[in-house]
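Novice: Next comes structure-v3.txt, compact mmCIF, C-alpha atoms:
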# COMPACT_ATOMS: atom_id res chain seq x y z
CA MET X 1 0.53 13.99 -19.06
CA THR X 2 -2.18 15.57 -17.01
CA ARG X 3 -5.91 15.99 -17.47
CA ARG X 4 -5.40 19.40 -19.08
CA ARG X 5 -4.23 17.68 -22.29
CA PHE X 6 -7.05 15.20 -22.36
CA THR X 7 -9.66 15.34 -25.12
CA ALA X 8 -12.86 13.48 -24.49
CA ALA X 9 -13.92 10.72 -26.85
CA GLY X 10 -16.80 8.34 -27.09
CA THR X 11 -20.48 8.79 -26.35
CA LEU X 12 -22.17 9.06 -22.97
CA ALA X 13 -23.89 5.91 -21.79
CA ALA X 14 -27.60 6.51 -22.23
CA ALA X 15 -28.72 4.34 -19.36
CA ALA X 16 -27.50 2.14 -16.57
CA PHE X 17 -26.07 -1.22 -17.56
CA ALA X 18 -25.48 -4.47 -15.75
CA LEU X 19 -22.15 -6.23 -15.43
CA ASP X 20 -21.61 -9.90 -14.90
CA VAL X 21 -18.72 -9.65 -12.45
CA PRO X 22 -17.39 -12.98 -11.18
CA ARG X 23 -15.67 -13.33 -7.84
CA VAL X 24 -12.67 -14.92 -9.54
CA SER X 25 -10.65 -13.12 -12.21
CA ALA X 26 -10.63 -14.17 -15.84
CA ASP X 27 -7.24 -15.83 -15.49
CA GLY X 28 -8.32 -17.83 -12.43
CA ARG X 29 -6.76 -15.68 -9.72
CA SER X 30 -8.84 -15.41 -6.57
CA GLY X 31 -7.40 -12.13 -5.39
CA ARG X 32 -5.16 -13.68 -2.70
CA GLY X 33 -2.39 -11.30 -1.73
CA GLU X 34 -4.56 -8.21 -1.98
CA ARG X 35 -4.67 -6.07 1.14
CA LYS X 36 -7.39 -7.10 3.60
CA ALA X 37 -9.00 -3.68 3.45
CA ALA X 38 -10.02 -4.25 -0.16
CA ALA X 39 -12.98 -6.41 0.87
CA GLY X 40 -14.30 -3.86 3.36
CA THR X 41 -13.00 -0.29 3.09
CA GLU X 42 -11.51 1.11 -0.10
CA PHE X 43 -11.78 4.37 -2.03
CA ARG X 44 -13.02 3.53 -5.53
CA GLY X 45 -13.65 6.78 -7.32
CA MET X 46 -14.12 8.39 -10.69
CA TRP X 47 -13.66 11.97 -11.79
CA ALA X 48 -16.64 13.46 -13.62
CA ALA X 49 -15.40 16.51 -15.54
CA THR X 50 -17.69 19.34 -16.57
CA VAL X 51 -15.11 21.69 -18.12
CA ALA X 52 -15.67 21.80 -21.88
CA ASN X 53 -18.49 19.26 -21.28
CA LEU X 54 -15.95 16.41 -21.14
CA ASP X 55 -18.18 14.07 -19.10
CA TRP X 56 -21.33 15.90 -18.07
CA PRO X 57 -23.50 17.42 -19.40
CA SER X 58 -22.61 15.93 -22.80
CA LYS X 59 -23.15 19.38 -24.33
CA PRO X 60 -24.44 22.75 -23.15
CA GLY X 61 -28.03 23.78 -23.53
CA LEU X 62 -29.68 20.42 -22.88
CA SER X 63 -32.99 20.39 -21.04
CA PRO X 64 -32.88 19.84 -17.29
CA ASP X 65 -34.52 16.44 -17.76
CA ARG X 66 -31.82 15.36 -20.23
CA GLN X 67 -29.06 16.59 -17.95
CA LYS X 68 -30.58 14.68 -15.05
CA ARG X 69 -30.84 11.48 -17.10
CA GLU X 70 -27.20 11.77 -18.12
CA LEU X 71 -25.99 12.25 -14.56
CA ARG X 72 -28.09 9.34 -13.33
CA ALA X 73 -26.54 7.17 -16.05
CA LEU X 74 -23.03 8.09 -14.90
CA TYR X 75 -23.91 7.32 -11.30
CA ASP X 76 -25.42 4.00 -12.31
CA ALA X 77 -22.27 3.21 -14.28
CA ALA X 78 -20.22 3.88 -11.14
CA LEU X 79 -22.40 1.45 -9.20
CA ALA X 80 -22.16 -1.17 -11.93
CA ARG X 81 -18.37 -0.93 -11.76
CA ARG X 82 -18.53 -1.26 -7.96
CA LEU X 83 -17.19 2.23 -7.37
CA ASN X 84 -18.29 4.19 -4.32
CA VAL X 85 -17.17 7.82 -4.85
CA VAL X 86 -17.90 10.35 -7.58
CA ILE X 87 -15.66 13.43 -7.74
CA LEU X 88 -17.85 15.90 -9.63
CA GLN X 89 -16.41 19.10 -11.05
CA ILE X 90 -18.72 21.86 -9.85
CA ARG X 91 -16.52 24.96 -10.30
CA PRO X 92 -14.50 24.37 -13.48
CA THR X 93 -13.72 27.96 -14.57
CA ALA X 94 -14.54 30.45 -11.80
CA ASP X 95 -18.21 29.63 -12.28
CA ALA X 96 -20.75 27.43 -10.53
CA PHE X 97 -23.03 24.43 -10.89
CA TRP X 98 -25.19 25.80 -8.09
CA PRO X 99 -26.79 29.21 -7.44
CA SER X 100 -23.59 30.72 -6.08
CA ARG X 101 -23.50 33.90 -4.06
CA TYR X 102 -20.12 34.73 -5.58
CA GLU X 103 -19.81 33.61 -9.19
CA PRO X 104 -22.00 33.15 -12.27
CA TRP X 105 -23.75 30.03 -13.49
CA SER X 106 -21.44 27.89 -15.61
CA GLU X 107 -21.66 28.19 -19.38
CA TYR X 108 -21.30 24.41 -19.59
CA LEU X 109 -24.89 24.08 -18.39
CA THR X 110 -26.72 26.43 -20.73
CA GLY X 111 -24.14 27.57 -23.28
CA ARG X 112 -24.13 31.07 -21.84
CA GLN X 113 -22.29 32.07 -18.69
CA GLY X 114 -24.60 33.49 -16.04
CA ARG X 115 -27.81 32.07 -17.49
CA ASP X 116 -29.97 30.34 -14.87
CA PRO X 117 -30.50 26.71 -15.96
CA GLY X 118 -33.86 26.61 -14.18
CA TRP X 119 -32.87 24.00 -11.63
CA ASP X 120 -30.17 23.32 -9.01
CA PRO X 121 -27.72 20.77 -10.48
CA LEU X 122 -25.69 20.41 -7.28
CA ALA X 123 -28.71 19.73 -5.07
CA PHE X 124 -29.80 17.06 -7.55
CA ALA X 125 -26.28 15.61 -7.79
CA VAL X 126 -25.95 15.27 -4.02
CA ARG X 127 -29.38 13.72 -3.58
CA GLU X 128 -28.99 11.20 -6.40
CA ALA X 129 -25.50 10.19 -5.22
CA HIS X 130 -26.60 9.62 -1.65
CA ASP X 131 -29.70 7.74 -2.77
CA ARG X 132 -27.28 5.27 -4.39
CA ASP X 133 -24.98 5.19 -1.35
CA LEU X 134 -22.27 6.97 -3.35
CA GLN X 135 -20.10 9.64 -1.76
CA LEU X 136 -20.01 12.92 -3.67
CA HIS X 137 -16.88 15.07 -3.51
CA GLY X 138 -17.12 18.56 -4.98
CA TRP X 139 -14.23 19.17 -7.40
CA PHE X 140 -13.05 22.78 -7.58
CA ASN X 141 -10.42 24.50 -9.70
CA PRO X 142 -9.20 27.37 -7.51
CA TYR X 143 -7.65 29.86 -9.93
CA ARG X 144 -8.66 29.18 -13.56
CA ILE X 145 -11.07 31.86 -14.81
CA ALA X 146 -11.48 30.98 -18.49
CA ASN X 147 -10.04 28.96 -21.34
CA HIS X 148 -9.44 32.22 -23.20
CA THR X 149 -7.83 35.57 -22.31
CA ASP X 150 -10.63 38.04 -23.11
CA PRO X 151 -12.32 39.43 -19.96
CA GLY X 152 -14.96 40.97 -22.23
CA ARG X 153 -16.32 37.50 -22.92
CA LEU X 154 -17.14 37.05 -19.24
CA VAL X 155 -20.56 38.01 -17.92
CA ARG X 156 -20.54 41.68 -16.89
CA SER X 157 -20.94 40.87 -13.17
CA HIS X 158 -18.07 38.38 -13.13
CA PRO X 159 -15.59 39.15 -10.30
CA ALA X 160 -12.72 39.16 -12.81
CA ARG X 161 -14.44 42.06 -14.64
CA VAL X 162 -15.42 43.86 -11.45
CA HIS X 163 -11.80 43.50 -10.23
CA PRO X 164 -9.68 43.47 -13.40
CA SER X 165 -6.44 43.64 -11.39
CA TRP X 166 -7.19 40.14 -10.07
CA ALA X 167 -6.79 38.49 -13.48
CA VAL X 168 -3.64 37.42 -15.34
CA PRO X 169 -3.67 36.20 -18.96
CA TYR X 170 -1.21 33.39 -19.58
CA GLY X 171 -0.77 30.74 -22.22
CA GLY X 172 -4.14 31.37 -23.86
CA LYS X 173 -6.09 31.23 -20.58
CA LEU X 174 -7.14 33.66 -17.87
CA TYR X 175 -6.27 33.05 -14.22
CA TYR X 176 -6.86 34.66 -10.87
CA ASN X 177 -3.57 35.87 -9.40
CA PRO X 178 -2.64 33.60 -6.46
CA GLY X 179 -0.28 36.29 -5.14
CA LEU X 180 -3.09 38.61 -4.03
CA PRO X 181 -4.40 37.93 -0.50
CA GLU X 182 -7.83 39.27 -1.46
CA VAL X 183 -7.98 36.75 -4.32
CA ARG X 184 -7.01 33.88 -2.04
CA ARG X 185 -9.80 34.79 0.38
CA PHE X 186 -12.30 35.28 -2.43
CA VAL X 187 -11.69 31.92 -4.11
CA GLN X 188 -11.99 30.20 -0.74
CA ASP X 189 -15.30 31.94 -0.09
CA ALA X 190 -16.55 31.08 -3.58
CA MET X 191 -15.69 27.40 -3.23
CA LEU X 192 -16.82 26.99 0.36
CA ASP X 193 -20.20 28.52 -0.45
CA ALA X 194 -21.07 25.07 -1.86
CA VAL X 195 -19.68 23.29 1.19
CA TRP X 196 -21.73 25.34 3.65
CA ARG X 197 -24.96 24.93 1.66
CA TYR X 198 -24.87 21.31 0.44
CA ASP X 199 -24.25 17.94 2.01
CA LEU X 200 -20.98 17.22 0.22
CA ASP X 201 -18.76 14.41 1.48
CA GLY X 202 -15.54 15.98 0.29
CA VAL X 203 -13.77 19.00 -1.19
CA HIS X 204 -11.38 18.22 -4.01
CA PHE X 205 -8.72 20.35 -5.77
CA ASP X 206 -7.16 19.21 -9.03
CA ASP X 207 -3.64 19.78 -10.38
CA TYR X 208 -3.90 23.47 -11.33
CA PHE X 209 -2.33 25.94 -8.92
CA TYR X 210 0.01 28.30 -10.70
CA PRO X 211 -0.51 27.33 -14.35
CA TYR X 212 1.57 24.75 -16.14
CA PRO X 213 4.58 26.47 -17.73
CA VAL X 214 4.36 27.58 -21.34
CA ALA X 215 7.70 27.92 -23.14
CA GLY X 216 8.74 31.53 -23.64
CA LYS X 217 5.90 32.93 -21.51
CA GLU X 218 6.08 34.51 -18.06
CA PHE X 219 3.20 34.61 -15.59
CA ASP X 220 3.03 38.35 -14.90
CA ASP X 221 2.64 38.71 -11.16
CA THR X 222 5.41 41.31 -10.77
CA ALA X 223 3.22 43.95 -9.13
CA ALA X 224 1.89 41.47 -6.56
CA TRP X 225 5.40 40.17 -5.90
CA ARG X 226 6.68 43.67 -5.23
CA GLU X 227 3.79 44.44 -2.89
CA HIS X 228 3.55 41.15 -1.00
CA GLY X 229 6.87 39.35 -1.52
CA ARG X 230 8.98 41.09 1.10
CA GLY X 231 10.85 38.67 3.34
CA PHE X 232 10.98 35.81 0.83
CA PRO X 233 14.31 34.74 -0.67
CA SER X 234 12.87 34.37 -4.17
CA ARG X 235 9.69 34.78 -6.18
CA ALA X 236 9.43 31.00 -6.34
CA ALA X 237 9.43 30.73 -2.53
CA TRP X 238 6.77 33.44 -2.32
CA ARG X 239 4.62 31.66 -4.91
CA ARG X 240 4.87 28.39 -2.99
CA ASP X 241 3.84 30.17 0.19
CA ASN X 242 0.79 31.58 -1.60
CA ILE X 243 -0.35 28.08 -2.55
CA ASP X 244 0.55 26.67 0.87
CA ARG X 245 -1.68 29.29 2.45
CA LEU X 246 -4.56 28.44 0.12
CA VAL X 247 -4.38 24.74 0.99
CA ARG X 248 -3.80 25.17 4.72
CA GLU X 249 -6.50 27.83 5.17
CA THR X 250 -9.05 25.92 3.12
CA GLY X 251 -8.52 22.81 5.22
CA GLU X 252 -8.79 24.77 8.45
CA ARG X 253 -11.99 26.47 7.36
CA ILE X 254 -13.60 23.19 6.34
CA LYS X 255 -12.79 21.52 9.66
CA SER X 256 -14.03 24.54 11.61
CA ARG X 257 -17.59 24.03 10.31
CA ARG X 258 -17.83 20.63 8.59
CA LYS X 259 -15.58 18.21 10.45
CA HIS X 260 -16.93 15.23 8.53
CA VAL X 261 -16.11 16.73 5.11
CA ARG X 262 -12.81 15.39 3.76
CA PHE X 263 -10.35 17.59 1.89
CA GLY X 264 -8.21 16.13 -0.88
CA VAL X 265 -5.97 17.12 -3.78
CA SER X 266 -5.10 15.31 -7.02
CA PRO X 267 -1.75 16.77 -8.13
CA PHE X 268 0.53 15.96 -11.02
CA ALA X 269 2.33 12.95 -9.60
CA VAL X 270 5.94 14.17 -9.60
CA TRP X 271 6.77 16.40 -6.65
CA ARG X 272 10.45 16.65 -7.61
CA ASN X 273 12.83 14.42 -9.53
CA ARG X 274 15.57 12.80 -7.47
CA SER X 275 18.16 14.56 -9.65
CA THR X 276 16.74 17.86 -8.38
CA ASP X 277 16.18 16.84 -4.76
CA SER X 278 17.42 13.72 -2.98
CA ARG X 279 13.97 13.39 -1.38
CA GLY X 280 12.29 13.23 -4.77
CA SER X 281 11.15 10.30 -6.88
CA ASP X 282 13.31 8.25 -9.25
CA THR X 283 11.83 10.01 -12.25
CA ARG X 284 12.89 12.30 -15.07
CA ALA X 285 9.64 14.19 -15.56
CA GLY X 286 9.58 17.45 -17.48
CA VAL X 287 7.28 19.03 -14.89
CA GLN X 288 7.86 19.09 -11.13
CA THR X 289 5.00 20.43 -9.04
CA TYR X 290 7.31 22.06 -6.48
CA ASP X 291 9.29 23.99 -9.09
CA ASP X 292 6.82 24.57 -11.92
CA LEU X 293 3.37 24.78 -10.33
CA TYR X 294 4.68 26.05 -6.96
CA ALA X 295 2.66 23.29 -5.28
CA ASP X 296 4.66 21.71 -2.44
CA THR X 297 2.50 18.61 -2.29
CA ARG X 298 4.93 16.69 -0.10
CA THR X 299 4.69 19.35 2.61
CA TRP X 300 0.89 19.32 2.50
CA VAL X 301 1.01 15.62 3.27
CA ARG X 302 3.75 15.77 5.88
CA GLU X 303 2.01 18.65 7.68
CA GLY X 304 -1.40 16.99 7.54
CA TRP X 305 -3.11 19.95 5.87
CA ILE X 306 -5.21 17.61 3.72
CA ASP X 307 -7.10 14.40 4.44
CA TYR X 308 -6.17 12.56 1.27
CA ILE X 309 -4.02 12.85 -1.82
CA VAL X 310 -4.63 11.37 -5.28
CA PRO X 311 -1.44 11.77 -7.34
CA GLN X 312 -2.20 11.47 -11.04
CA VAL X 313 0.11 8.55 -11.80
CA TYR X 314 -0.84 8.60 -15.46
CA TRP X 315 2.07 6.56 -16.82
CA HIS X 316 2.39 2.88 -17.59
CA ILE X 317 4.53 0.41 -15.69
CA GLY X 318 8.04 0.71 -17.08
CA ASN X 319 7.73 4.25 -18.46
CA SER X 320 11.31 5.54 -18.84
CA ALA X 321 10.63 9.06 -17.51
CA ALA X 322 7.96 8.37 -14.88
CA ASP X 323 7.43 4.72 -14.03
CA TYR X 324 4.20 3.80 -12.25
CA ALA X 325 6.16 1.12 -10.40
CA LYS X 326 8.51 3.75 -8.95
CA LEU X 327 6.04 6.54 -8.23
CA VAL X 328 3.55 4.49 -6.22
CA PRO X 329 6.20 3.33 -3.69
CA TRP X 330 7.48 6.91 -3.42
CA TRP X 331 4.01 8.18 -2.55
CA ALA X 332 3.44 5.28 -0.15
CA LYS X 333 6.61 6.27 1.71
CA THR X 334 5.59 9.94 1.65
CA VAL X 335 2.22 9.38 3.36
CA ARG X 336 3.51 6.78 5.82
CA GLY X 337 2.80 7.83 9.40
CA THR X 338 1.06 11.08 8.43
CA GLY X 339 -2.59 10.05 8.71
CA VAL X 340 -3.16 11.29 5.15
CA ASP X 341 -4.81 8.70 2.91
CA LEU X 342 -3.25 7.79 -0.42
CA TYR X 343 -5.39 6.95 -3.44
CA VAL X 344 -3.79 6.52 -6.87
CA GLY X 345 -5.11 8.44 -9.86
CA GLU X 346 -5.44 6.14 -12.88
CA ALA X 347 -5.39 7.09 -16.58
CA LEU X 348 -8.30 5.00 -17.80
CA TYR X 349 -8.60 7.39 -20.76
CA ARG X 350 -5.27 6.14 -22.12
CA GLN X 351 -6.39 2.53 -22.42
CA GLY X 352 -6.63 1.63 -26.10
CA ALA X 353 -6.38 5.27 -27.17
CA SER X 354 -4.80 6.07 -30.51
CA GLY X 355 -1.18 7.15 -30.23
CA GLN X 356 -0.61 5.63 -26.81
CA PRO X 357 2.37 3.26 -26.40
CA ALA X 358 2.03 -0.51 -26.44
CA PRO X 359 1.36 -1.06 -22.70
CA TRP X 360 -1.79 1.06 -22.96
CA GLN X 361 -3.05 -1.04 -25.86
CA ASP X 362 -3.29 -4.02 -23.48
CA PRO X 363 -6.63 -3.89 -21.61
CA ALA X 364 -4.93 -5.50 -18.61
CA GLU X 365 -2.56 -2.56 -17.95
CA LEU X 366 -4.76 -0.89 -15.32
CA SER X 367 -5.43 -4.20 -13.60
CA ARG X 368 -1.67 -4.64 -13.27
CA HIS X 369 -1.53 -1.17 -11.71
CA LEU X 370 -3.91 -2.22 -8.95
CA THR X 371 -2.00 -5.44 -8.37
CA LEU X 372 1.17 -3.42 -7.87
CA ALA X 373 -0.45 -0.70 -5.77
CA ARG X 374 -1.99 -3.22 -3.40
CA ARG X 375 1.44 -4.39 -2.36
CA HIS X 376 1.64 -1.12 -0.42
CA THR X 377 -0.62 -0.94 2.62
CA GLU X 378 -0.61 2.86 2.43
CA VAL X 379 -2.56 2.76 -0.85
CA ARG X 380 -6.22 2.78 0.16
CA GLY X 381 -7.87 3.09 -3.22
CA ASN X 382 -7.84 4.30 -6.81
CA VAL X 383 -9.61 6.98 -8.84
CA TYR X 384 -10.27 6.76 -12.59
CA PHE X 385 -10.24 9.49 -15.19
CA SER X 386 -12.81 9.85 -16.33
CA ALA X 387 -16.50 9.07 -15.87
CA ARG X 388 -17.24 8.73 -19.56
CA GLN X 389 -14.57 6.03 -19.93
CA VAL X 390 -15.88 4.27 -16.82
CA ALA X 391 -19.30 4.13 -18.47
CA ASP X 392 -18.28 3.33 -22.05
CA ASP X 393 -15.16 1.24 -21.31
CA PRO X 394 -14.24 1.01 -25.01
CA VAL X 395 -11.57 -1.71 -24.69
CA GLY X 396 -12.81 -3.47 -21.56
CA ALA X 397 -10.03 -2.23 -19.27
CA MET X 398 -12.43 -1.13 -16.55
CA ALA X 399 -14.35 -4.40 -16.69
CA ARG X 400 -11.00 -6.19 -16.25
CA VAL X 401 -10.25 -4.12 -13.14
CA VAL X 402 -13.64 -5.04 -11.71
CA ARG X 403 -13.21 -8.73 -12.45
CA ASP X 404 -9.71 -8.89 -11.00
CA HIS X 405 -9.97 -6.53 -8.03
CA TYR X 406 -13.54 -5.63 -7.11
CA PRO X 407 -15.28 -8.95 -6.36
CA ARG X 408 -17.71 -7.20 -4.04
CA ARG X 409 -18.72 -3.72 -3.02
CA ALA X 410 -16.67 -1.73 -0.52
CA ARG X 411 -17.21 1.24 1.77
CA PRO X 412 -15.11 4.35 1.13
CA PRO X 413 -12.79 5.46 3.97
CA ARG X 414 -14.17 8.19 6.21
Since I need it in another form, could you write the structure as structure tokens?
Specialist:
Amino acid sequence: MTRRRFTAAGTLAAAAFALDVPRVSADGRSGRGERKAAAGTEFRGMWAATVANLDWPSKPGLSPDRQKRELRALYDAALARRLNVVILQIRPTADAFWPSRYEPWSEYLTGRQGRDPGWDPLAFAVREAHDRDLQLHGWFNPYRIANHTDPGRLVRSHPARVHPSWAVPYGGKLYYNPGLPEVRRFVQDAMLDAVWRYDLDGVHFDDYFYPYPVAGKEFDDTAAWREHGRGFPSRAAWRRDNIDRLVRETGERIKSRRKHVRFGVSPFAVWRNRSTDSRGSDTRAGVQTYDDLYADTRTWVREGWIDYIVPQVYWHIGNSAADYAKLVPWWAKTVRGTGVDLYVGEALYRQGASGQPAPWQDPAELSRHLTLARRHTEVRGNVYFSARQVADDPVGAMARVVRDHYPRRARPPR
């Protein structure tokens, strides 16, 4: 399961809180056997989602002061949990959490797309993060336009209304067409506008490239395929090339102007099942990024087009279709020798959640994940979905991670 199926629960922490975090875990373990880097350099992140107001702001239309208080509380929660990176979603649906030159203000700020919130949320977010010695990575969704299919609901000046041929309705949502070169350049320009204008520490893509498949539905890019697909053996190969170009070009453009800004991606964790490709993981997942999302994540790592990768390994240890204990070693082997950092995406939202299998009802499940991951020197950190669960920690799973694995603060890799 990926973040797209996640429904937020719980209430936003109203203020910072203190944690009594001992240097020895609750069961008496001192942390021996953990990789040496854990005490000094380690990526400890959380995703803060703005789409549908999952994490922040808690609802649209709040006053600027209330929105600021809420973001400060999330940042303070990250500090209390001894995290050091916040991955903040600032372009969730072809919109912006800053005064963009390309796209309208996000509806998740004011309740109405295009309405000026009266302040600059991204400038505030960067300043408050750096004041706390937190890195801030801007999280962008490249191609999703809206969580509906009606262009008429978009603000009149929206690029998808100005250029209706750019948009494709699919599965109840509206997407930019990745097969159009002008779209690829536009979404890069729209995202990088924030990078050129703000002191971000990183650029972060999530797991949406071509949309997740919907049974019985076809993503209608036939016209673009006919115009731009010459020379490719199949439409699938052409689609993969479109996404490869997006990733490679974005990375090149970032490094050309902001060499210190790191570029990372958090894909669905299964590149391909071994039954499909001998190079794939020992999994039986229903989705494979290479075949279904046209995202060749393994190539991006092997070619060094990105600085880090955060596969969403959102399954428990022992899962029959996608076992955490099998996927982490596969990713460790994949990044080995490439110079690309590996951080593991963790499903904190599953801990104690209704309907989740027995392993997720044990608050120690995530702590076991870190114990396993740290057996692999290639794993340089973990990222938790999502910020609201980091703050609220309804079953104490995050506090257990801190007690067992974060006895002191750490610097994020640079």
Novice: Please measure the separation of CA of Arg400 in chain X and CA of His137 in chain X, giving the value in Å to one decimal.
Specialist: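 CA of His137 in chain X lies 25.5 Å from CA of Arg400 in chain X.
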Novice: Just how far from CA of Arg408 in chain X is CA of Val328 in chain X, in Å to one decimal?
Specialist: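 Computing it gives 24.4 Å between the two atoms.
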Novice: Between X:Val270, X:Ile243, X:Ala52, X:Val402, which one has atoms that come closest to Leu370 in chain X, using only C-alpha atoms?
Specialist: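 The closest residue to Leu370 in chain X is X:Val402.
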Novice: CA of Val203 in chain X and CA of Asn141 in chain X are how many Å apart?
Specialist: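 Taking CA of Val203 in chain X as the start and CA of Asn141 in chain X as the end point, the length is 10.7 Å.
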Novice: Quick one: of X:Pro178, X:Pro142, X:Gly318, X:Pro121, who's nearest to Ala94 in chain X, counting only C-alpha atoms?
Specialist: X:Pro142
Novice: Contacts of range 226-242 of chain X at 9 Å or less, counting only C-alpha atoms, minus same-chain residues fewer than 3 places along, as a ChimeraX atom specification?
Specialist: /X:178-181,184,210,221-223,245-247,290-296
Novice: Write a file of the selected residues as a compact mmCIF listing (two decimals), in the frame of the given file, keeping C-alpha atoms.
Specialist:
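Output (result-v4.txt):
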# COMPACT_ATOMS: atom_id res chain seq x y z
CA PRO X 178 -2.64 33.60 -6.46
CA GLY X 179 -0.28 36.29 -5.14
CA LEU X 180 -3.09 38.61 -4.03
CA PRO X 181 -4.40 37.93 -0.50
CA ARG X 184 -7.01 33.88 -2.04
CA TYR X 210 0.01 28.30 -10.70
CA ASP X 221 2.64 38.71 -11.16
CA THR X 222 5.41 41.31 -10.77
CA ALA X 223 3.22 43.95 -9.13
CA ARG X 245 -1.68 29.29 2.45
CA LEU X 246 -4.56 28.44 0.12
CA VAL X 247 -4.38 24.74 0.99
CA TYR X 290 7.31 22.06 -6.48
CA ASP X 291 9.29 23.99 -9.09
CA ASP X 292 6.82 24.57 -11.92
CA LEU X 293 3.37 24.78 -10.33
CA TYR X 294 4.68 26.05 -6.96
CA ALA X 295 2.66 23.29 -5.28
CA ASP X 296 4.66 21.71 -2.44
Novice: Please list as a list in words every residue within 10 Å of Leu174 in chain X, counting only C-alpha atoms and excluding residues in the same chain fewer than 4 positions away.
Specialist: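 Counting only the stated atoms, we get Thr93, Tyr143, Arg144, Ile145, Ala146, Asn147, His148, Thr149, Asp150, Pro151, Ala160, Ala167, Val168, Pro169, Tyr170 and Pro211 of chain X.
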Novice: Looking at only C-alpha atoms, which of X:Val395, X:Val51, X:Val187, X:Ala325 is the one that sits closest to Tyr175 in chain X?
Specialist: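 Of all the options, X:Val187 lies closest to Tyr175 in chain X.
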Novice: Name the closest residue to Gly114 in chain X among the candidates X:Ile87, X:Ala194, X:Ala373, X:Ala96; distances are taken between atoms, counting all atoms listed in the file.
Specialist: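 Looking only at the distances to Gly114 in chain X, the closest residue turns out to be X:Ala96.
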Novice: Identify the residues within 8 Å of coordinate (-14.6, 3.7, -7.7) (same frame as the file), considering only C-alpha atoms, and give the answer as a count of residues only.
Specialist: 14
Novice: Any idea what's packed within 12 Å of Ser100 in chain X, counting all atoms listed in the file, ignoring anything in its chain fewer than 6 positions away? Could you give it as an MDAnalysis selection string?
Specialist: chainID X and resid 90:91 94 106 114 116 120:122 158 189:198
Novice: Do you know which residues are at most 12 Å from Arg302 in chain X counting only C-alpha atoms, after dropping those on the same chain fewer than 6 positions away, and could you put them as a list in words?
Specialist: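 So the residues in contact are Asp296, Tyr308, Ile309, Trp331, Lys333, Thr334, Val335, Arg336, Gly337, Thr338, Gly339, Val340 and Asp341 of chain X.
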Novice: I'd like the neighbourhood of Gln312 in chain X as an MDAnalysis selection string, where a residue qualifies if any of its atoms comes within 6 Å (using only C-alpha atoms), though same-chain residues fewer than 5 positions away should be ignored.
Specialist: chainID X and resid 268:269 345
Novice: With 8 Å added on each side, what axis-aligned box encloses every listed atom of range 337-355 of chain X? Give the centre and edge lengths in Å to one decimal, as lines of an AutoDock Vina configuration file.
Specialist:
center_x = -2.9
center_y = 6.5
center_z = -10.6
size_x = 27.4
size_y = 25.7
size_z = 55.9
Novice: Give me range 296-304 of chain X with N, CA, C and O atoms filled in, as an mmCIF file, in the coordinates of the input.
Specialist:
data_model
loop_
_atom_site.group_PDB
_atom_site.id
_atom_site.type_symbol
_atom_site.label_atom_id
_atom_site.label_comp_id
_atom_site.auth_asym_id
_atom_site.auth_seq_id
_atom_site.Cartn_x
_atom_site.Cartn_y
_atom_site.Cartn_z
ATOM 1 N N ASP X 296 3.788 22.563 -3.262
ATOM 2 C CA ASP X 296 4.660 21.710 -2.440
ATOM 3 C C ASP X 296 3.830 20.573 -1.845
ATOM 4 O O ASP X 296 3.561 20.531 -0.638
ATOM 5 N N THR X 297 3.431 19.660 -2.684
ATOM 6 C CA THR X 297 2.500 18.610 -2.290
ATOM 7 C C THR X 297 3.043 17.726 -1.177
ATOM 8 O O THR X 297 2.276 17.242 -0.338
ATOM 9 N N ARG X 298 4.330 17.513 -1.161
ATOM 10 C CA ARG X 298 4.930 16.690 -0.100
ATOM 11 C C ARG X 298 4.720 17.350 1.265
ATOM 12 O O ARG X 298 4.374 16.667 2.248
ATOM 13 N N THR X 299 4.906 18.656 1.345
ATOM 14 C CA THR X 299 4.690 19.350 2.610
ATOM 15 C C THR X 299 3.238 19.272 3.048
ATOM 16 O O THR X 299 2.946 19.090 4.242
ATOM 17 N N TRP X 300 2.301 19.395 2.120
ATOM 18 C CA TRP X 300 0.890 19.320 2.500
ATOM 19 C C TRP X 300 0.577 17.997 3.170
ATOM 20 O O TRP X 300 -0.208 17.949 4.120
ATOM 21 N N VAL X 301 1.203 16.934 2.661
ATOM 22 C CA VAL X 301 1.010 15.620 3.270
ATOM 23 C C VAL X 301 1.703 15.538 4.615
ATOM 24 O O VAL X 301 1.104 15.139 5.631
ATOM 25 N N ARG X 302 2.963 15.915 4.648
ATOM 26 C CA ARG X 302 3.750 15.770 5.880
ATOM 27 C C ARG X 302 3.190 16.631 7.009
ATOM 28 O O ARG X 302 3.289 16.261 8.191
ATOM 29 N N GLU X 303 2.587 17.767 6.676
ATOM 30 C CA GLU X 303 2.010 18.650 7.680
ATOM 31 C C GLU X 303 0.562 18.293 8.023
ATOM 32 O O GLU X 303 -0.010 18.869 8.947
ATOM 33 N N GLY X 304 -0.033 17.393 7.266
ATOM 34 C CA GLY X 304 -1.400 16.990 7.540
ATOM 35 C C GLY X 304 -2.444 18.051 7.221
ATOM 36 O O GLY X 304 -3.514 18.081 7.828
#
